[in-house]
>>> print(open('coords30.txt').read())   # compact mmCIF, C-alpha atoms and all ligand atoms
# COMPACT_ATOMS: atom_id res chain seq x y z
CA MET A 1 15.10 13.37 77.36
CA LEU A 2 16.97 10.16 76.42
CA ASN A 3 18.25 9.23 72.95
CA PHE A 4 15.73 7.29 70.88
CA ASP A 5 15.03 5.53 67.59
CA TYR A 6 11.42 5.91 66.47
CA CYS A 7 9.84 4.21 63.49
CA ALA A 8 6.06 3.70 63.10
CA PRO A 9 5.70 1.73 59.87
CA THR A 10 2.07 0.59 60.24
CA ARG A 11 -0.30 2.18 57.78
CA ILE A 12 -3.56 2.94 59.62
CA LEU A 13 -6.65 3.02 57.41
CA PHE A 14 -9.23 4.68 59.59
CA GLY A 15 -12.96 5.13 59.09
CA LYS A 16 -16.33 3.85 57.94
CA GLY A 17 -16.41 1.08 55.35
CA GLU A 18 -12.63 0.51 55.23
CA GLU A 19 -13.03 -3.23 55.87
CA ASN A 20 -15.16 -3.57 52.73
CA ILE A 21 -12.14 -2.75 50.58
CA VAL A 22 -9.65 -4.88 52.50
CA GLY A 23 -9.09 -6.93 49.32
CA THR A 24 -7.96 -3.85 47.40
CA ARG A 25 -5.61 -2.94 50.24
CA ILE A 26 -4.09 -6.42 50.50
CA GLN A 27 -3.89 -7.22 46.80
CA PRO A 28 -0.59 -5.36 46.12
CA LEU A 29 0.98 -7.26 49.03
CA ALA A 30 -0.15 -10.88 48.63
CA LYS A 31 -1.75 -13.48 46.38
CA LYS A 32 -2.54 -16.06 49.06
CA ILE A 33 -3.26 -15.27 52.71
CA LEU A 34 -4.03 -16.89 56.03
CA LEU A 35 -7.26 -15.39 57.39
CA HIS A 36 -6.91 -15.66 61.17
CA TYR A 37 -9.74 -14.95 63.64
CA GLY A 38 -11.15 -15.72 67.07
CA GLY A 39 -14.05 -17.57 68.59
CA GLY A 40 -16.79 -16.48 66.23
CA SER A 41 -17.78 -12.87 66.93
CA ILE A 42 -16.82 -11.89 63.36
CA LYS A 43 -19.24 -14.46 61.98
CA LYS A 44 -22.08 -13.25 64.22
CA THR A 45 -21.59 -9.62 63.23
CA GLY A 46 -21.36 -10.30 59.48
CA LEU A 47 -17.81 -8.96 59.29
CA TYR A 48 -16.48 -12.34 58.16
CA ASP A 49 -18.76 -12.39 55.10
CA ARG A 50 -17.77 -8.86 54.10
CA ILE A 51 -14.07 -9.66 54.41
CA ILE A 52 -14.39 -12.85 52.35
CA THR A 53 -16.36 -11.03 49.64
CA SER A 54 -13.80 -8.27 49.40
CA LEU A 55 -10.80 -10.64 49.35
CA LYS A 56 -12.38 -12.86 46.70
CA SER A 57 -13.32 -9.95 44.48
CA SER A 58 -9.65 -8.95 44.51
CA GLY A 59 -8.64 -12.46 43.46
CA ILE A 60 -6.90 -13.31 46.74
CA GLU A 61 -6.67 -17.00 47.70
CA ILE A 62 -7.73 -17.63 51.30
CA VAL A 63 -6.63 -20.24 53.83
CA GLU A 64 -8.52 -19.98 57.14
CA LEU A 65 -7.66 -20.56 60.78
CA GLY A 66 -10.18 -19.47 63.42
CA GLY A 67 -10.51 -20.35 67.09
CA VAL A 68 -8.03 -17.96 68.74
CA LEU A 69 -8.89 -17.71 72.45
CA PRO A 70 -8.38 -14.61 74.61
CA ASN A 71 -4.87 -15.05 76.06
CA PRO A 72 -3.86 -16.74 72.78
CA ARG A 73 -2.39 -20.21 73.08
CA LEU A 74 0.89 -21.58 71.79
CA SER A 75 -0.75 -24.77 70.48
CA LEU A 76 -2.81 -22.83 67.90
CA VAL A 77 0.31 -20.89 66.94
CA HIS A 78 1.99 -24.22 66.12
CA THR A 79 -1.04 -25.23 64.01
CA GLY A 80 -0.90 -21.92 62.16
CA ILE A 81 2.82 -22.25 61.43
CA SER A 82 2.34 -25.70 59.86
CA LEU A 83 -0.63 -24.46 57.83
CA CYS A 84 1.21 -21.42 56.49
CA ARG A 85 4.22 -23.52 55.49
CA GLN A 86 2.07 -26.18 53.84
CA GLU A 87 -0.09 -23.66 51.95
CA GLN A 88 2.78 -21.25 51.23
CA VAL A 89 0.80 -18.15 52.15
CA ASP A 90 2.47 -14.79 51.72
CA LEU A 91 0.62 -12.68 54.33
CA ILE A 92 -1.48 -13.19 57.47
CA LEU A 93 -4.65 -11.14 57.86
CA ALA A 94 -5.74 -11.00 61.51
CA VAL A 95 -9.38 -10.01 61.98
CA GLY A 96 -10.13 -9.44 65.66
CA GLY A 97 -8.56 -8.07 68.82
CA GLY A 98 -5.16 -8.30 70.45
CA SER A 99 -5.37 -12.06 70.92
CA VAL A 100 -5.95 -12.75 67.22
CA ILE A 101 -3.32 -10.23 66.14
CA ASP A 102 -0.74 -11.59 68.59
CA SER A 103 -1.39 -15.15 67.46
CA ALA A 104 -0.94 -13.99 63.84
CA LYS A 105 2.37 -12.31 64.70
CA ALA A 106 3.73 -15.42 66.44
CA ILE A 107 2.74 -17.56 63.45
CA ALA A 108 4.33 -15.03 61.09
CA MET A 109 7.69 -15.36 62.89
CA GLY A 110 7.38 -19.10 63.35
CA VAL A 111 7.06 -19.80 59.62
CA TYR A 112 10.71 -18.85 59.09
CA TYR A 113 12.05 -20.01 62.44
CA ASP A 114 13.99 -23.24 62.52
CA GLY A 115 12.87 -24.73 65.84
CA ASP A 116 10.03 -24.16 68.32
CA ILE A 117 8.95 -20.50 68.20
CA TRP A 118 8.43 -20.62 71.98
CA ASP A 119 12.25 -20.54 72.26
CA VAL A 120 12.34 -16.92 71.09
CA PHE A 121 9.77 -15.92 73.73
CA CYS A 122 12.05 -17.44 76.38
CA SER A 123 15.38 -16.16 75.07
CA SER A 124 14.26 -12.83 73.52
CA LYS A 125 16.82 -13.46 70.79
CA PRO A 126 16.01 -11.58 67.57
CA VAL A 127 14.23 -13.28 64.68
CA ALA A 128 15.57 -12.61 61.19
CA ARG A 129 12.25 -12.30 59.39
CA ALA A 130 8.49 -12.89 59.48
CA LEU A 131 5.56 -13.02 57.10
CA PRO A 132 3.84 -9.65 56.78
CA VAL A 133 0.83 -9.20 59.07
CA ALA A 134 -2.20 -7.01 58.30
CA THR A 135 -5.12 -6.46 60.66
CA VAL A 136 -8.78 -5.51 60.81
CA LEU A 137 -9.24 -4.36 64.41
CA THR A 138 -12.50 -5.20 66.20
CA ILE A 139 -11.72 -3.93 69.73
CA PRO A 140 -9.71 -0.91 70.90
CA ALA A 141 -7.55 -2.28 73.70
CA SER A 142 -4.21 -4.00 73.12
CA GLY A 143 -2.68 -1.58 70.63
CA SER A 144 -1.32 -4.68 68.88
CA GLU A 145 -2.58 -3.27 65.57
CA SER A 146 0.48 -1.01 65.48
CA SER A 147 2.90 -2.50 68.00
CA GLY A 148 5.87 -4.78 67.47
CA ASP A 149 4.77 -6.97 70.40
CA THR A 150 3.13 -10.35 70.62
CA VAL A 151 1.98 -11.91 73.90
CA ILE A 152 1.47 -15.67 73.89
CA THR A 153 0.41 -18.15 76.57
CA ASN A 154 2.19 -21.48 76.80
CA GLU A 155 -0.78 -23.31 78.28
CA LYS A 156 1.20 -26.43 79.20
CA LYS A 157 3.77 -24.46 81.21
CA GLN A 158 1.30 -21.80 82.46
CA LEU A 159 3.58 -19.04 81.19
CA LYS A 160 2.52 -15.87 79.38
CA PHE A 161 5.45 -14.12 77.67
CA CYS A 162 5.79 -11.03 75.52
CA TYR A 163 8.17 -10.80 72.56
CA ASN A 164 9.07 -7.72 70.54
CA SER A 165 10.43 -7.46 67.01
CA PRO A 166 10.22 -4.83 64.26
CA HIS A 167 9.52 -7.70 61.83
CA ILE A 168 6.05 -8.28 63.30
CA GLN A 169 4.83 -4.70 63.34
CA PRO A 170 1.73 -4.89 61.11
CA VAL A 171 2.15 -3.50 57.61
CA LEU A 172 -1.38 -2.13 57.63
CA SER A 173 -4.31 -1.97 60.04
CA ILE A 174 -7.90 -1.18 59.22
CA MET A 175 -9.77 0.63 61.97
CA ASN A 176 -13.47 1.26 61.43
CA PRO A 177 -14.99 2.39 64.75
CA GLU A 178 -18.35 0.94 63.67
CA LEU A 179 -16.83 -2.52 64.17
CA PHE A 180 -16.65 -1.78 67.92
CA PHE A 181 -20.44 -1.30 68.27
CA THR A 182 -21.01 -4.99 69.05
CA LEU A 183 -18.58 -5.24 71.97
CA PRO A 184 -20.00 -6.46 75.28
CA ASP A 185 -19.74 -4.03 78.23
CA ASN A 186 -17.00 -5.94 80.03
CA GLN A 187 -14.70 -5.93 76.99
CA VAL A 188 -15.19 -2.16 76.58
CA SER A 189 -14.06 -1.66 80.18
CA TYR A 190 -11.16 -4.10 79.96
CA GLY A 191 -10.02 -2.33 76.81
CA ALA A 192 -10.15 1.08 78.48
CA ALA A 193 -8.08 -0.15 81.45
CA ASP A 194 -5.51 -1.72 79.11
CA MET A 195 -5.15 1.40 76.95
CA MET A 196 -4.76 3.57 80.06
CA SER A 197 -2.13 1.19 81.39
CA HIS A 198 -0.16 1.44 78.14
CA VAL A 199 0.07 5.16 78.81
CA PHE A 200 0.85 4.75 82.54
CA GLU A 201 3.70 2.36 81.79
CA ARG A 202 5.36 5.14 79.79
CA TYR A 203 4.17 8.20 81.71
CA PHE A 204 5.45 7.34 85.19
CA THR A 205 9.18 7.82 84.73
CA ASN A 206 12.21 9.25 86.46
CA THR A 207 13.46 10.78 83.19
CA ILE A 208 13.28 14.59 83.25
CA HIS A 209 12.69 17.15 80.47
CA THR A 210 9.88 15.21 78.82
CA ASP A 211 7.35 18.02 78.40
CA LEU A 212 6.05 16.93 75.00
CA THR A 213 5.48 13.27 75.81
CA ASP A 214 4.09 14.15 79.28
CA GLY A 215 1.48 16.31 77.56
CA LEU A 216 0.70 13.68 74.91
CA CYS A 217 0.28 11.05 77.63
CA GLU A 218 -2.04 13.27 79.64
CA ALA A 219 -4.17 14.14 76.59
CA THR A 220 -4.42 10.45 75.68
CA LEU A 221 -5.51 9.54 79.22
CA ARG A 222 -8.12 12.30 79.33
CA THR A 223 -9.45 11.22 75.93
CA LEU A 224 -9.78 7.62 77.08
CA MET A 225 -11.48 8.60 80.34
CA ARG A 226 -13.91 10.94 78.60
CA ASN A 227 -14.94 8.53 75.88
CA ALA A 228 -15.05 5.09 77.50
CA PRO A 229 -18.16 5.96 79.57
CA ARG A 230 -19.76 7.49 76.46
CA ALA A 231 -19.21 4.34 74.42
CA LEU A 232 -20.61 2.26 77.29
CA ALA A 233 -23.69 4.46 77.54
CA ASN A 234 -24.34 4.33 73.82
CA LYS A 235 -22.67 1.49 71.93
CA LYS A 236 -23.36 3.21 68.61
CA ASP A 237 -21.59 6.44 69.51
CA TYR A 238 -19.27 6.61 66.49
CA VAL A 239 -17.50 9.72 67.77
CA ALA A 240 -16.66 8.14 71.13
CA TRP A 241 -15.41 4.95 69.46
CA SER A 242 -13.31 7.00 67.03
CA GLU A 243 -11.56 8.72 69.91
CA LEU A 244 -11.03 5.44 71.74
CA GLY A 245 -9.70 3.67 68.66
CA PHE A 246 -7.22 6.37 67.76
CA ALA A 247 -6.15 6.89 71.38
CA GLY A 248 -5.59 3.14 71.78
CA THR A 249 -3.21 3.12 68.84
CA ILE A 250 -1.36 6.22 70.01
CA ALA A 251 -1.14 4.71 73.50
CA HIS A 252 0.90 1.76 72.27
CA ASN A 253 2.64 2.58 68.98
CA GLY A 254 5.76 3.69 70.82
CA LEU A 255 5.46 7.46 70.41
CA LEU A 256 4.49 8.22 74.02
CA GLY A 257 7.53 6.42 75.38
CA MET A 258 10.14 8.13 73.27
CA GLY A 259 13.01 9.74 75.17
CA ARG A 260 11.89 8.45 78.56
CA SER A 261 12.62 5.35 80.65
CA GLN A 262 9.55 3.13 80.88
CA ASP A 263 8.11 0.94 83.62
CA TRP A 264 5.99 -2.10 82.59
CA ALA A 265 5.84 -3.60 86.10
CA CYS A 266 2.01 -3.72 86.06
CA HIS A 267 2.01 -5.57 82.75
CA ARG A 268 4.56 -8.08 83.98
CA MET A 269 2.61 -8.64 87.22
CA GLU A 270 -0.61 -9.03 85.21
CA HIS A 271 0.81 -11.61 82.82
CA GLU A 272 1.34 -13.91 85.81
CA LEU A 273 -2.37 -13.65 86.71
CA SER A 274 -3.46 -14.45 83.14
CA ALA A 275 -0.96 -17.30 82.79
CA ILE A 276 -2.41 -19.29 85.69
CA TYR A 277 -5.98 -18.01 86.01
CA ASP A 278 -6.75 -16.99 82.38
CA VAL A 279 -8.08 -13.60 83.52
CA ALA A 280 -8.82 -10.84 80.99
CA HIS A 281 -5.70 -8.68 80.67
CA GLY A 282 -7.49 -5.35 81.24
CA ALA A 283 -9.32 -6.66 84.31
CA GLY A 284 -6.02 -7.71 85.89
CA LEU A 285 -4.49 -4.32 85.14
CA ALA A 286 -7.43 -2.47 86.70
CA VAL A 287 -6.88 -4.40 89.93
CA LEU A 288 -3.09 -3.98 90.00
CA THR A 289 -2.58 -0.40 88.87
CA PRO A 290 -3.89 1.58 91.89
CA ALA A 291 -2.00 -0.72 94.29
CA TRP A 292 1.20 -0.31 92.26
CA MET A 293 0.74 3.48 92.38
CA ARG A 294 0.36 3.46 96.15
CA TYR A 295 3.41 1.20 96.52
CA VAL A 296 5.80 3.22 94.34
CA TYR A 297 4.68 6.87 94.38
CA LYS A 298 7.28 7.99 96.94
CA GLU A 299 9.98 7.34 94.30
CA ASN A 300 8.72 10.34 92.36
CA VAL A 301 6.06 12.33 94.17
CA PRO A 302 6.07 15.27 91.67
CA MET A 303 5.18 12.87 88.83
CA PHE A 304 2.16 11.58 90.76
CA VAL A 305 1.11 15.10 91.77
CA GLN A 306 1.29 16.11 88.08
CA PHE A 307 -0.89 13.11 87.20
CA ALA A 308 -3.42 13.93 89.91
CA ILE A 309 -3.74 17.54 88.79
CA ASN A 310 -3.42 17.28 84.99
CA VAL A 311 -5.31 14.03 84.44
CA MET A 312 -7.57 13.42 87.45
CA GLY A 313 -8.51 17.08 87.94
CA VAL A 314 -7.38 17.31 91.57
CA ASP A 315 -7.20 20.84 92.97
CA GLY A 316 -3.51 21.79 92.92
CA SER A 317 -3.79 24.12 95.90
CA TYR A 318 -3.46 21.22 98.35
CA ARG A 319 -0.35 21.80 100.48
CA ASP A 320 0.33 18.14 100.98
CA PRO A 321 1.75 16.32 97.90
CA ALA A 322 0.94 12.91 99.40
CA ALA A 323 -2.69 13.97 99.83
CA ILE A 324 -2.86 15.19 96.21
CA THR A 325 -1.40 11.87 95.07
CA GLU A 326 -3.85 9.85 97.15
CA GLU A 327 -6.77 11.89 95.84
CA GLY A 328 -5.59 11.21 92.25
CA ILE A 329 -5.41 7.46 92.90
CA THR A 330 -8.79 7.49 94.68
CA ARG A 331 -10.33 9.19 91.64
CA LEU A 332 -8.75 6.60 89.34
CA CYS A 333 -10.29 3.83 91.48
CA ALA A 334 -13.66 5.61 91.26
CA PHE A 335 -13.32 5.78 87.48
CA PHE A 336 -12.56 2.05 87.28
CA ALA A 337 -15.55 1.36 89.56
CA ARG A 338 -17.76 3.43 87.23
CA LEU A 339 -16.67 1.10 84.41
CA GLU A 340 -17.58 -1.83 86.69
CA LEU A 341 -14.01 -3.10 86.66
CA PRO A 342 -12.85 -5.39 89.49
CA SER A 343 -10.66 -4.05 92.29
CA THR A 344 -9.48 -7.22 94.06
CA LEU A 345 -7.84 -10.50 93.15
CA LYS A 346 -10.75 -12.25 94.85
CA GLU A 347 -13.12 -10.77 92.26
CA LEU A 348 -10.85 -12.29 89.58
CA GLY A 349 -11.18 -15.69 91.24
CA ILE A 350 -7.62 -15.60 92.58
CA ASP A 351 -6.86 -16.74 96.13
CA GLU A 352 -3.63 -16.88 98.16
CA GLU A 353 -2.51 -20.24 96.78
CA HIS A 354 -0.21 -19.11 93.96
CA LEU A 355 0.67 -15.55 95.05
CA GLU A 356 4.24 -16.31 96.04
CA GLU A 357 4.78 -18.50 92.99
CA MET A 358 3.49 -15.74 90.69
CA ALA A 359 5.62 -13.10 92.42
CA LYS A 360 8.75 -15.23 91.98
CA LYS A 361 7.92 -16.04 88.35
CA SER A 362 7.34 -12.38 87.54
CA THR A 363 10.92 -11.38 88.39
CA GLY A 364 12.61 -14.61 87.40
CA ALA A 365 13.45 -15.38 91.04
CA SER A 366 11.84 -18.80 90.56
CA ASP A 367 14.62 -19.84 88.15
CA GLY A 368 17.38 -18.30 90.25
CA ASN A 369 18.00 -15.40 87.87
CA GLU A 370 16.11 -12.48 89.38
CA ARG A 371 15.62 -9.41 87.17
CA PRO A 372 13.61 -6.83 89.14
CA LEU A 373 10.57 -5.33 87.43
CA GLY A 374 9.88 -1.68 86.78
CA GLY A 375 11.62 1.55 85.89
CA LEU A 376 10.25 3.99 88.44
CA LYS A 377 11.05 1.69 91.35
CA LYS A 378 12.82 -1.66 91.06
CA LEU A 379 10.49 -4.37 92.30
CA TYR A 380 11.88 -7.66 93.62
CA TRP A 381 9.66 -10.67 94.16
CA GLN A 382 8.98 -9.64 97.76
CA ASP A 383 7.69 -6.26 96.48
CA VAL A 384 5.47 -7.97 93.92
CA LEU A 385 4.10 -10.26 96.63
CA ALA A 386 3.40 -7.22 98.83
CA ILE A 387 1.46 -5.61 95.96
CA TYR A 388 -0.52 -8.80 95.30
CA ARG A 389 -1.35 -8.95 99.03
CA MET A 390 -2.54 -5.32 99.04
CA ILE A 391 -5.31 -6.27 96.60
CA ALA A 392 -6.07 -9.79 97.79
CA GLU A 393 -9.61 -8.87 98.85
O1 LIG B 401 -12.90 -14.38 69.93
P1 LIG B 401 -14.08 -13.60 69.48
O2 LIG B 401 -15.30 -14.40 69.28
O3 LIG B 401 -13.76 -12.71 68.31
O4 LIG B 401 -14.48 -12.62 70.72
C1 LIG B 401 -13.61 -11.68 71.30
C2 LIG B 401 -13.02 -12.15 72.63
O5 LIG B 401 -13.89 -13.02 73.29
C3 LIG B 401 -14.39 -10.47 71.70
N1 LIG B 401 -14.54 -9.47 70.64
C4 LIG B 401 -13.55 -8.83 69.98
N2 LIG B 401 -14.08 -7.93 69.13
C5 LIG B 401 -15.43 -8.02 69.24
C6 LIG B 401 -15.73 -9.01 70.20
N3 LIG B 401 -17.00 -9.32 70.54
C7 LIG B 401 -17.99 -8.64 69.92
N4 LIG B 401 -17.77 -7.66 69.01
C8 LIG B 401 -16.51 -7.32 68.65
N5 LIG B 401 -16.30 -6.32 67.78
O6 LIG B 401 -13.64 -9.88 72.74
C9 LIG B 401 -12.95 -10.88 73.48
C10 LIG B 401 -11.57 -10.43 73.81
O7 LIG B 401 -10.76 -10.35 72.66
P2 LIG B 401 -9.17 -10.17 72.80
O8 LIG B 401 -8.59 -10.16 71.43
O9 LIG B 401 -8.64 -11.17 73.76
O10 LIG B 401 -9.07 -8.72 73.48
P3 LIG B 401 -7.92 -7.68 73.51
O11 LIG B 401 -7.85 -6.89 72.27
O12 LIG B 401 -8.11 -6.97 74.79
O13 LIG B 401 -6.56 -8.52 73.57
C11 LIG B 401 -6.05 -9.03 74.77
C12 LIG B 401 -4.72 -9.70 74.51
O14 LIG B 401 -3.76 -8.74 74.01
C13 LIG B 401 -2.55 -8.89 74.75
C14 LIG B 401 -3.05 -9.27 76.12
O15 LIG B 401 -2.02 -9.78 76.92
C15 LIG B 401 -4.14 -10.27 75.79
O16 LIG B 401 -3.58 -11.55 75.57
N6 LIG B 401 -1.77 -7.64 74.63
C16 LIG B 401 -1.06 -7.46 73.51
C17 LIG B 401 -0.25 -6.37 73.32
C18 LIG B 401 0.52 -6.19 72.07
N7 LIG B 401 0.59 -7.21 71.24
O17 LIG B 401 1.09 -5.12 71.80
C19 LIG B 401 -0.08 -5.35 74.36
C20 LIG B 401 -1.06 -5.45 75.47
O18 LIG B 401 -0.42 -4.96 76.64
C21 LIG B 401 -1.61 -6.77 75.76
O19 LIG B 401 -0.72 -7.43 76.66
ZN ZN B 402 -1.71 -4.20 77.86
>>> encode(input="coords30.txt", output="structure tokens", more="lines below")
Ligand code: NZQ
Ligand code: ZN
Amino acid sequence: MLNFDYCAPTRILFGKGEENIVGTRIQPLAKKILLHYGGGSIKKTGLYDRIITSLKSSGIEIVELGGVLPNPRLSLVHTGISLCRQEQVDLILAVGGGSVIDSAKAIAMGVYYDGDIWDVFCSSKPVARALPVATVLTIPASGSESSGDTVITNEKKQLKFCYNSPHIQPVLSIMNPELFFTLPDNQVSYGAADMMSHVFERYFTNTIHTDLTDGLCEATLRTLMRNAPRALANKKDYVAWSELGFAGTIAHNGLLGMGRSQDWACHRMEHELSAIYDVAHGAGLAVLTPAWMRYVYKENVPMFVQFAINVMGVDGSYRDPAAITEEGITRLCAFFARLELPSTLKELGIDEEHLEEMAKKSTGASDGNERPLGGLKKLYWQDVLAIYRMIAE
């Protein structure tokens, strides 16, 4: 196990009706807030009205900015920064999924940043402060409700970059699984693939003596795989949504990665797909992950055998570790197919045209400063291109 520094400061308020007292929760923290949301689902479901009622009854002044798109755009972040400065808000309340929360986090940093906030996404240099961010989560997927990450798309440059800072870790997040009942099927599946990937990125490691986090990762994966099909079969299955919501937070609040080197190659390869083709993050991950596994497993066969047996239920009596590994990956593909997730770039509307460009961008080879991806196996742009080609069609 490696040395680590773990701090999980987000207060999670879990359960039925929590959103109806959001005003009471926010009131000790802020007098005037920016209410930030997406393309309108919260208005259709009635959540918006309940939030407004609760905030007003607690005497909180509200400034609004809706319209966040999936793969949230830098231009709206700029609008939000100007609005927060002009209105002098003291907290941002993000009501929605990862896109809304990430947009809120970028605005929160930008308010105090002297210059274009995109600079910090490019340089990764630390920000000194940010407005506090609170969330009401409407989809279990990104884990952004308790992460210190924000992922923003610069639509003009076709770049999607992630930035991490402890200053943007939400101060509180409300998670009522009933709010997930209205999700369309495809978003349920994308969310499941994303949450599983957050575990994979931490689980597949060359660090040894990680018994506790191995076990936590495996339990989280089994929980996600058991409950995603249940939620799809019955959208009002509160128990299934509860498990998914909690597992999604655990998958990405940092705990599962403590003391182990992490990977993140699939996420970096996926961000290139979203940046140019605006694909849903979870859909891209579902396509990439099995190919990545097949490309890298020889770096650490025991880790993949452990995954196949402990998570995918493969019979451990096989004599051939490569066969056990392949059976584990085949079962993962079958699980993704059951969730009706795509398995090729073609299904995502991606052809050969930009594959090399995306591969070079993913490692930085395009700007002459290559930083290979991954922890388990270092991937150079030629490796990334080979993986993209494996799943072309
Ligand atoms: O915009 P509205 O109308 O609200 O509709 C949304 C959106 O179209 C809809 N939706 C959300 N909750 C709903 C609902 N529809 C009906 N009922 C509900 N209860 O779902 C669509 C997708 O929303 P989005 O926020 O984009 O989904 P998700 O939570 O999967 O977030 C994806 C973004 O998170 C980033 C991804 O890169 C992507 O941009 N990530 C952020 C991370 C982080 N900050 O820690 C980590 C992740 O790895 C991920 O990269
Ligand atoms: Zn993700």
>>> closest_residue(input="coords30.txt", among="A:Phe180, A:His36, A:Gly368, A:Gly375", to="Phe200 (chain A)", atoms="all atoms listed in the file")
A:Gly375
>>> closest_atom_pairs(input="coords30.txt", of="chain A", to="ligand LIG 401 (chain B)", cutoff="6 Å", atoms="only C-alpha atoms and all ligand atoms", output="tab-separated table")
residue	atom	partner	partner_atom	distance
A:Gly38	CA	B:LIG401	O1	3.6
A:Gly39	CA	B:LIG401	O2	3.5
A:Gly40	CA	B:LIG401	O2	4.0
A:Ser41	CA	B:LIG401	O2	3.7
A:Ile42	CA	B:LIG401	O3	5.9
A:Leu69	CA	B:LIG401	O1	5.8
A:Pro70	CA	B:LIG401	O9	3.6
A:Asn71	CA	B:LIG401	O16	3.8
A:Pro72	CA	B:LIG401	O16	5.9
A:Gly96	CA	B:LIG401	N2	5.5
A:Gly97	CA	B:LIG401	O8	3.3
A:Gly98	CA	B:LIG401	O13	3.4
A:Ser99	CA	B:LIG401	O8	3.8
A:Val100	CA	B:LIG401	O8	5.6
A:Asp102	CA	B:LIG401	N7	5.3
A:Thr138	CA	B:LIG401	N5	4.3
A:Ile139	CA	B:LIG401	N2	4.7
A:Ala141	CA	B:LIG401	O11	4.8
A:Ser142	CA	B:LIG401	C20	4.2
A:Gly143	CA	B:LIG401	O17	5.3
A:Ser144	CA	B:LIG401	O17	3.8
A:Ser147	CA	B:LIG401	O17	5.0
A:Asp149	CA	B:LIG401	N7	4.3
A:Thr150	CA	B:LIG401	N7	4.1
A:Val151	CA	B:LIG401	C16	5.4
A:Leu179	CA	B:LIG401	N5	5.3
A:Phe180	CA	B:LIG401	N5	4.6
A:Thr182	CA	B:LIG401	N4	4.2
A:Leu183	CA	B:LIG401	N4	3.9
A:Gln187	CA	B:LIG401	O6	5.9
A:Gly191	CA	B:LIG401	O12	5.4
A:His281	CA	B:LIG401	C14	5.3
>>> write_last_selection(input="coords30.txt", atoms="C-alpha atoms", output="CSV table (one decimal), in the frame of the given file")
chain,number,residue,atom,x,y,z
A,38,GLY,CA,-11.2,-15.7,67.1
A,39,GLY,CA,-14.0,-17.6,68.6
A,40,GLY,CA,-16.8,-16.5,66.2
A,41,SER,CA,-17.8,-12.9,66.9
A,42,ILE,CA,-16.8,-11.9,63.4
A,69,LEU,CA,-8.9,-17.7,72.4
A,70,PRO,CA,-8.4,-14.6,74.6
A,71,ASN,CA,-4.9,-15.0,76.1
A,72,PRO,CA,-3.9,-16.7,72.8
A,96,GLY,CA,-10.1,-9.4,65.7
A,97,GLY,CA,-8.6,-8.1,68.8
A,98,GLY,CA,-5.2,-8.3,70.4
A,99,SER,CA,-5.4,-12.1,70.9
A,100,VAL,CA,-6.0,-12.8,67.2
A,102,ASP,CA,-0.7,-11.6,68.6
A,138,THR,CA,-12.5,-5.2,66.2
A,139,ILE,CA,-11.7,-3.9,69.7
A,141,ALA,CA,-7.6,-2.3,73.7
A,142,SER,CA,-4.2,-4.0,73.1
A,143,GLY,CA,-2.7,-1.6,70.6
A,144,SER,CA,-1.3,-4.7,68.9
A,147,SER,CA,2.9,-2.5,68.0
A,149,ASP,CA,4.8,-7.0,70.4
A,150,THR,CA,3.1,-10.4,70.6
A,151,VAL,CA,2.0,-11.9,73.9
A,179,LEU,CA,-16.8,-2.5,64.2
A,180,PHE,CA,-16.6,-1.8,67.9
A,182,THR,CA,-21.0,-5.0,69.0
A,183,LEU,CA,-18.6,-5.2,72.0
A,187,GLN,CA,-14.7,-5.9,77.0
A,191,GLY,CA,-10.0,-2.3,76.8
A,281,HIS,CA,-5.7,-8.7,80.7
>>> residues_near_ligand(input="coords30.txt", ligand="ligand ZN 402 (chain B)", cutoff="7 Å", atoms="only C-alpha atoms and all ligand atoms", output="ChimeraX atom specification")
/A:142,194-195,197-198,267,281-282
>>> closest_residue(input="coords30.txt", among="A:Val63, A:Leu224, A:Leu376, A:Ile33", to="Asn206 (chain A)", atoms="all atoms listed in the file")
A:Leu376
>>> closest_residue(input="coords30.txt", among="A:Asp114, A:Asp211, A:Asp278, A:Glu178", to="Ile152 (chain A)", atoms="only C-alpha atoms")
A:Asp278
>>> closest_residue(input="coords30.txt", among="A:Thr220, A:Ile324, A:Arg338, A:Met303", to="Leu232 (chain A)", atoms="all atoms listed in the file")
A:Arg338
>>> residues_around(input="coords30.txt", residues="Val120 (chain A)", least_positions_apart="6", cutoff="9 Å", atoms="all atoms listed in the file", output="JSON, numbers by chain")
{"A": [126, 127, 163]}
>>> atom_distance(input="coords30.txt", atom1="CA of Ser173 (chain A)", atom2="CA of Ser124 (chain A)")
25.4 Å
>>> residues_around(input="coords30.txt", residues="Ala240 (chain A)", least_positions_apart="3", cutoff="6 Å", atoms="all atoms listed in the file", output="PDB file with C-alpha atoms, keeping the file's coordinate frame")
ATOM      1  CA  ASN A 227     -14.940   8.530  75.880  1.00  0.00           C
ATOM      2  CA  ALA A 231     -19.210   4.340  74.420  1.00  0.00           C
ATOM      3  CA  ASP A 237     -21.590   6.440  69.510  1.00  0.00           C
ATOM      4  CA  GLU A 243     -11.560   8.720  69.910  1.00  0.00           C
TER       5      GLU A 243
END
>>> residues_near_point(input="coords30.txt", point="(0.2, 0.1, 60.2)", cutoff="8 Å", atoms="all atoms listed in the file", output="PyMOL selection string")
chain A and resi 8-13+134+145-146+169-173
